[in-house]
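*Asks:* Pasting a structure here, questions to come.
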2 protein chains.
Amino acid sequence: MSIPQAPSPPHRNHILAALPQADYDRLAPHLEQIELPLGRILYPADGLINYAYFPTHAMISLVSQQPDGATVEVGLTGFEGMTAISLVLGVDRSPHQCIVQINDGGIRARADVIMEEFKRGGALHDLLLRYAQSLLQQVSQIAACNRLHSVEERLARWLLMSHDRCICDELPLTHEFISQMLGVRRAGVTTAALALQAEGFIHYTRGRITIKDRPGLEDFACACYPILKAEFDRLPAGTQNAGGGLDDRHIDECAPTH
Amino acid sequence: MSIPQAPSPPHRNHILAALPQADYDRLAPHLEQIELPLGRILYPADGLINYAYFPTHAMISLVSQQPDGATVEVGLTGFEGMTAISLVLGVDRSPHQCIVQINDGGIRARADVIMEEFKRGGALHDLLLRYAQSLLQQVSQIAACNRLHSVEERLARWLLMSHDRCICDELPLTHEFISQMLGVRRAGVTTAALALQAEGFIHYTRGRITIKDRPGLEDFACACYPILKAEFDRLPAGTQNAGGGLDDRHIDECAPTH
DNA sequence: GTTCGTCTGTACGCGACCGCACAAAAATTA
DNA sequence: TAATTTTTGTGCGGTCGCGTACAGACGAAC
């Protein structure tokens, strides 16, 4: 079933890293290190949740799909979280399509394993609920942003949020892909990306966007970004890091390169 | 502190109604019946959560406020839920402003009372988490709707959602108020409302909107509404209604009049 | 009845984004 | 090298919603 080849802590995933040793040890035999290749759909919209994924430096989009085929990203998960939070909220189906936007590794565990540990009411219980709260806040802010801000501003915000969750400055993203996340025309993304490039914030070639000037991008993005970032930063500390002898330095070391 | 004048079940609030008798009895001494007058702000944005509110037929908006003062509603709570779900997700502040849009009564309990019962891990624990999931899904759908649909379509959806949560066909709402919920100009609401009135779906005079043709409104609204409605309907049944001798008929009787 | 404040109807120019469409450029394959 | 596919750049008319502004209409208070 599950291949117990999980690495020992320290973990790059902040939820796993924040588990006390005893709690982690219970989980460890069921953790499985896997690749999260670009474009992989972890759950289709309304799909059954068989596994929960703890990304390391992969970036995973939560996408709302409309009956007419239109898509918009409503949330975004990286090393700070876990996919399929619905699981612990009492539902075994993901309301969002979850798709890997930036590939990297991750750890997965079967849904029933997570549920069992969650129901113990220990650290994982509190950590996952705290993450659910963070996600709710994130989705709320994105809901407002979708209504109020321009494509250029939202593109800047989106690039920053992706950058926060991966290790490199070069993101493998086509305009087409981004347009589906922002819920706009592909041509709209091209125009916005040209503007950001003209300002010197980014540089891109076919399918690769490089962040050149992060502070500039931050200035340019809408006020949603600092709000989203603040919650993102609050997360690992806000949870009670019971610290089962974990090496926090390692986590810092893996922070985005900016 | 809390005045134990709570009515015995059956409750109009579905979460309280779904509690087994024993769980309810523990809570009962701390429940307090109160008025929720129109416009009352239960929590400001980022405000401390002192009480949790269980609406009966009041409708409460979760509003995201931007630093520049712009506002958009990102979610909406009625008799199916509880305000300040953040509480049980490990945070004692509400990320949203919560404001009473349609006045009616409600039950409130101090935050620490809810937390204590939640931590017992019984029915309230599961019911509230299930509701948190529903809220997450609602906010996600609204995030997409904000991006993809016209003011007219969203107004129709919004009226329907409000109507689902209150007992009467006449809603006390000004265009100005609605514009802040939809995140559009007041004049934009006027135009959209005129269109809906011309179709015969609604009728309104100063500060009062009457639903005249609900099926027509449903046809007109965007596809988000049926999705949101399905989750709304799923809620009370989806939770394990352990039914401590509660009178479910009473609840049905109080369902929206459509 | 008169006054006043609130709410609603309407107008106008403007910018953002849409749908559509096509060409150019870069990568991939033959 | 040539052919093909994918990705990006660009244009154009149309629509939606914005910001602003003002007038009319209704209801409450005096």
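Chains: A, B, ... in order of the structure tokens. Residues: from 1 per chain. Ligands: from 1, in order shown.
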Looking only at strand (DSSP E) from DSSP on the backbone, list the matching residues of segment 65-124 of chain B as a list of chain:residue names.
*Replies:*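 Taking segment 65-124 of chain B and keeping strand (DSSP E) gives B:Gln65, B:Thr71, B:Val72, B:Glu73, B:Val74, B:Gly75, B:Leu76, B:Thr77, B:Arg93, B:Ser94, B:Gln97, B:Cys98, B:Ile99, B:Val100, B:Gln101, B:Ile102, B:Asp104, B:Gly105, B:Gly106, B:Ile107, B:Arg108, B:Ala109, B:Arg110.
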*Asks:* Please return, as a list in words, all residues of chain C lying within 8 Å of chain A when only C-alpha atoms (C1' of nucleotides) are considered.
*Replies:* DA16, DC17, DC18 and DA26 of chain C
*Asks:* Just the residues within 8 Å of Gly183 of chain A, please, counting only C-alpha atoms (C1' of nucleotides), with nothing from its chain fewer than 5 positions along; format it as a list in words.
*Replies:*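 Non-adjacent residues within range: Ala70, Thr71, Val72 and Glu73 of chain A; Arg147 and Leu148 of chain B.
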*Asks:* Would you give me, as a Markdown table, each residue of chain B having an atom within 10 Å of an atom of chain A, along with its shortest atom pair and that distance in Å to one decimal, using only C-alpha atoms and sorting by chain and residue number?
*Replies:*
| residue | atom | partner | partner_atom | distance |
| --- | --- | --- | --- | --- |
| B:Leu62 | CA | A:Ser140 | CA | 9.3 |
| B:Val63 | CA | A:Ser140 | CA | 8.9 |
| B:Ser64 | CA | A:Ala144 | CA | 6.5 |
| B:Gln65 | CA | A:Ala144 | CA | 8.3 |
| B:Gln66 | CA | A:Ala223 | CA | 7.8 |
| B:Pro67 | CA | A:Ala223 | CA | 7.2 |
| B:Asp68 | CA | A:Ala223 | CA | 8.6 |
| B:Ala70 | CA | A:Leu148 | CA | 8.1 |
| B:Thr71 | CA | A:Ala144 | CA | 7.8 |
| B:Val72 | CA | A:Ala144 | CA | 5.9 |
| B:Glu73 | CA | A:Ala144 | CA | 7.8 |
| B:Val74 | CA | A:Ser140 | CA | 5.9 |
| B:Gly75 | CA | A:Ser140 | CA | 8.2 |
| B:Ile85 | CA | A:Gln133 | CA | 8.5 |
| B:Ser86 | CA | A:Gln133 | CA | 6.1 |
| B:Leu87 | CA | A:Gln133 | CA | 9.1 |
| B:Val88 | CA | A:Leu129 | CA | 7.8 |
| B:Leu89 | CA | A:Leu129 | CA | 4.8 |
| B:Gly90 | CA | A:Arg130 | CA | 5.4 |
| B:Val91 | CA | A:Arg130 | CA | 7.4 |
| B:Ser94 | CA | A:Gln137 | CA | 9.4 |
| B:Pro95 | CA | A:Gln137 | CA | 6.5 |
| B:His96 | CA | A:Gln137 | CA | 8.4 |
| B:Lys119 | CA | A:Gly121 | CA | 8.6 |
| B:Arg120 | CA | A:Gly121 | CA | 9.7 |
| B:Gly121 | CA | A:Gly121 | CA | 8.0 |
| B:His125 | CA | A:Leu89 | CA | 9.8 |
| B:Asp126 | CA | A:Gly90 | CA | 7.1 |
| B:Leu127 | CA | A:Gly90 | CA | 8.7 |
| B:Leu128 | CA | A:Leu89 | CA | 8.5 |
| B:Leu129 | CA | A:Leu89 | CA | 4.8 |
| B:Arg130 | CA | A:Leu89 | CA | 5.3 |
| B:Tyr131 | CA | A:Leu89 | CA | 8.0 |
| B:Ala132 | CA | A:Leu89 | CA | 6.9 |
| B:Gln133 | CA | A:Leu89 | CA | 5.5 |
| B:Ser134 | CA | A:Leu89 | CA | 8.9 |
| B:Leu135 | CA | A:Leu136 | CA | 8.2 |
| B:Leu136 | CA | A:Leu136 | CA | 5.8 |
| B:Gln137 | CA | A:Pro95 | CA | 6.5 |
| B:Gln138 | CA | A:Pro95 | CA | 9.9 |
| B:Val139 | CA | A:Ser140 | CA | 6.2 |
| B:Ser140 | CA | A:Val74 | CA | 5.9 |
| B:Gln141 | CA | A:Ser64 | CA | 6.9 |
| B:Ile142 | CA | A:Ala143 | CA | 6.6 |
| B:Ala143 | CA | A:Ala143 | CA | 3.7 |
| B:Ala144 | CA | A:Val72 | CA | 5.9 |
| B:Cys145 | CA | A:Ala143 | CA | 8.6 |
| B:Asn146 | CA | A:Arg147 | CA | 5.2 |
| B:Arg147 | CA | A:Asn146 | CA | 5.2 |
| B:Leu148 | CA | A:Gly183 | CA | 7.3 |
| B:Leu182 | CA | A:Arg147 | CA | 8.6 |
| B:Gly183 | CA | A:Arg147 | CA | 6.9 |
| B:Val184 | CA | A:Arg147 | CA | 8.7 |
| B:Ala223 | CA | A:Pro67 | CA | 7.1 |
| B:Cys224 | CA | A:Gln66 | CA | 7.8 |
| B:Ile227 | CA | A:Gln66 | CA | 9.5 |
| B:Gly238 | CA | A:Val91 | CA | 9.2 |
| B:Thr239 | CA | A:Gly90 | CA | 8.7 |
*Asks:* Residues within 8 Å of Thr190 of chain B, please, as a PDB file with C-alpha atoms (C1' of nucleotides), in the first residue's frame. Count only C-alpha atoms (C1' of nucleotides); anything in the same chain fewer than 5 positions from it doesn't count.
*Replies:*
ATOM      1  CA  HIS B 175     -29.196  49.976  -3.483  1.00  0.00           C
TER       2      HIS B 175
ATOM      3  C1'  DT C   8     -33.428  56.284  -6.767  1.00  0.00           C
ATOM      4  C1'  DG C   9     -33.155  57.426 -11.935  1.00  0.00           C
TER       5       DG C   9
END
*Asks:* Which residues are close to DT5 of chain D, i.e. within 10 Å by only C-alpha atoms (C1' of nucleotides), leaving aside same-chain residues fewer than 5 positions away? Reply as an mmCIF file with C-alpha atoms (C1' of nucleotides), in the first residue's frame.
*Replies:*
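Generated output (around.cif):
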data_model
loop_
_atom_site.group_PDB
_atom_site.id
_atom_site.type_symbol
_atom_site.label_atom_id
_atom_site.label_comp_id
_atom_site.auth_asym_id
_atom_site.auth_seq_id
_atom_site.Cartn_x
_atom_site.Cartn_y
_atom_site.Cartn_z
ATOM 1 C "C1'" DA C 27 10.705 25.050 -29.934
ATOM 2 C "C1'" DT C 28 9.898 20.403 -31.512
ATOM 3 C "C1'" DT C 29 9.596 16.824 -34.800
#
